[in-house]
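Data block for coords-v7.cif (mmCIF, C-alpha atoms):
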```cif
data_input
#
loop_
_atom_site.label_atom_id
_atom_site.label_comp_id
_atom_site.auth_asym_id
_atom_site.auth_seq_id
_atom_site.Cartn_x
_atom_site.Cartn_y
_atom_site.Cartn_z
CA MET N 1 125.60 148.30 71.02
CA LEU N 2 121.97 147.60 70.24
CA ALA N 3 122.75 143.94 69.46
CA TYR N 4 124.44 143.58 72.85
CA LEU N 5 121.26 144.75 74.64
CA PHE N 6 119.14 142.20 72.81
CA MET N 7 121.59 139.38 73.59
CA ALA N 8 121.56 140.36 77.26
CA ALA N 9 117.74 140.17 77.29
CA GLU N 10 117.60 136.69 75.78
CA PRO N 11 119.01 134.72 78.75
CA ALA N 12 116.34 136.22 80.99
CA ALA N 13 113.62 135.01 78.64
CA GLY N 14 115.39 131.62 78.36
CA GLY N 15 115.51 131.36 82.15
CA ALA N 16 111.75 131.82 82.33
CA SER N 17 111.21 129.09 79.75
CA GLN N 18 113.44 126.78 81.78
CA TRP N 19 111.15 127.23 84.78
CA ILE N 20 108.10 126.54 82.64
CA THR N 21 109.79 123.39 81.35
CA PHE N 22 110.71 122.36 84.89
CA LEU N 23 107.18 122.95 86.28
CA PRO N 24 105.59 119.69 84.94
CA LEU N 25 108.39 117.69 86.59
CA VAL N 26 107.68 119.38 89.92
CA ALA N 27 103.95 118.71 89.47
CA LEU N 28 104.66 115.05 88.67
CA VAL N 29 106.78 114.62 91.80
CA GLY N 30 104.07 116.30 93.89
CA ALA N 31 101.36 114.06 92.44
CA PHE N 32 103.53 110.99 93.01
CA TYR N 33 103.96 111.99 96.65
CA PHE N 34 100.25 112.54 97.29
CA PHE N 35 99.02 109.46 95.40
CA VAL N 36 101.73 106.89 96.25
CA ILE N 37 104.10 107.81 99.06
CA ARG N 38 101.69 109.50 101.49
CA PRO N 39 99.02 106.73 101.44
CA GLN N 40 101.72 104.09 101.90
CA GLN N 41 103.13 105.95 104.91
CA LYS N 42 99.65 106.21 106.43
CA GLN N 43 99.09 102.48 105.88
CA GLU N 44 102.45 101.62 107.50
CA LYS N 45 101.64 103.85 110.48
CA LYS N 46 98.28 102.11 110.90
CA LYS N 47 99.97 98.67 110.69
CA ARG N 48 102.59 99.63 113.34
CA ALA N 49 99.81 100.85 115.65
CA MET N 50 97.88 97.60 115.15
CA LEU N 51 100.96 95.45 115.89
CA GLY N 52 101.78 97.55 118.95
CA ALA N 53 98.25 97.11 120.33
CA LEU N 54 98.18 93.29 120.15
CA GLN N 55 96.95 91.68 123.35
CA THR N 56 96.50 88.18 124.67
CA GLY N 57 93.07 86.88 123.65
CA ASP N 58 92.84 88.80 120.36
CA LEU N 59 91.65 86.87 117.31
CA ILE N 60 94.12 87.38 114.49
CA ASN N 61 94.79 86.44 110.89
CA THR N 62 98.39 85.90 109.75
CA VAL N 63 99.82 86.79 106.34
CA GLY N 64 99.81 83.04 105.60
CA GLY N 65 96.03 82.84 106.14
CA ILE N 66 96.08 81.18 109.58
CA TYR N 67 93.36 82.27 111.98
CA GLY N 68 93.93 81.92 115.71
CA ARG N 69 93.74 83.42 119.18
CA ILE N 70 96.81 84.98 120.82
CA VAL N 71 97.88 83.11 123.96
CA ASP N 72 101.33 84.68 124.51
CA ILE N 73 103.24 87.69 123.23
CA ASN N 74 106.98 88.22 123.52
CA ASP N 75 109.05 91.01 121.96
CA ASP N 76 108.70 90.01 118.31
CA VAL N 77 107.12 86.56 118.64
CA VAL N 78 103.42 85.75 119.02
CA THR N 79 102.05 82.35 120.09
CA ILE N 80 98.55 81.55 118.84
CA GLU N 81 96.05 78.72 119.39
CA VAL N 82 94.60 77.28 116.21
CA GLY N 83 91.65 74.96 115.60
CA THR N 84 89.52 72.88 117.94
CA ASP N 85 92.55 70.88 119.14
CA LYS N 86 94.09 74.12 120.49
CA VAL N 87 97.34 73.58 118.59
CA LYS N 88 99.87 76.28 119.50
CA LEU N 89 101.83 77.98 116.72
CA THR N 90 104.61 80.51 117.12
CA VAL N 91 104.75 83.24 114.48
CA ALA N 92 106.66 86.48 114.08
CA ARG N 93 104.82 89.62 115.14
CA TRP N 94 105.21 91.15 111.66
CA ALA N 95 103.32 88.15 110.23
CA VAL N 96 100.06 89.27 111.85
CA ALA N 97 97.97 90.66 108.98
CA ASN N 98 94.97 91.92 110.95
CA VAL N 99 93.07 91.66 114.20
CA ASP N 100 89.45 90.49 114.15
CA THR N 101 87.54 93.06 116.17
CA GLY N 102 84.29 91.11 115.90
CA ASP N 103 82.57 94.12 114.29
CA LYS N 104 80.76 92.76 111.23
CA SER N 105 79.96 96.22 109.80
CA SER N 106 83.68 96.97 109.17
CA SER N 107 84.14 93.86 107.01
CA LYS N 108 81.78 95.10 104.26
#
```

Let's see the structure in the file written out as structure tokens.
Amino acid sequence: MLAYLFMAAEPAAGGASQWITFLPLVALVGAFYFFVIRPQQKQEKKKRAMLGALQTGDLINTVGGIYGRIVDINDDVVTIEVGTDKVKLTVARWAVANVDTGDKSSSK
């Protein structure tokens, strides 16, 4: 009878050790979320806001490195003027990397 009581107590102690073993995995997933997933979501949200706020006349830089001024915006297509000859290029809206605000202090 005494051996049965000790065997019944062992799974409870084993269950506690399983939680202690599982805790580092939970901590790793939490750290991964806060250091990788959350910053990426914030960056994507900022990019969507920037693309939604594009206006005619904005100076932009495309992902291909082309600088130009927006002359026309359709749903997902942006037409820009490039260079002194005012050559017009049509690019996808997602290809706009950033908008030049003209504020030199933010570029440092």

Worksheet item: So which one's closest to Ala97 of chain N, N:Asn61, N:Gln18, N:Thr56, N:Gln41? Using only C-alpha atoms, please.
Response: N:Asn61

Discussion item. Here is a test: counting all atoms listed in the file, which residue of N:Ala27, N:Ile73, N:Ile20, N:Val36 is nearest to Ala53 of chain N?
Written reply: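 Selected residue with least distance to Ala53 of chain N: N:Ile73.
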
Item to complete: Taking the file as shown, find all residues satisfying the PyMOL selection byres ((chain N and resi 71) around 12) and write them as a list in words.
Response: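 Checked against the file, the PyMOL selection byres ((chain N and resi 71) around 12) matches Leu54, Gln55, Thr56, Gly57, Asp58, Leu59, Ile60, Gly68, Arg69, Ile70, Asp72, Ile73, Asn74, Val77, Val78, Thr79, Ile80, Glu81, Val82, Lys86, Val87, Lys88, Leu89, Thr90 and Val91 of chain N.
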
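Here atom CA of Phe22 of chain N and atom CA of Phe34 of chain N stand 19.0 Å from one another.
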
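Between atom CA of Asp76 of chain N and atom CA of Ala92 of chain N there is a distance of 5.9 Å.
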
Item to complete: Please indicate the distance in Å from atom CA of Leu28 of chain N to atom CA of Glu44 of chain N, rounded to one decimal place.
Response: 23.2 Å
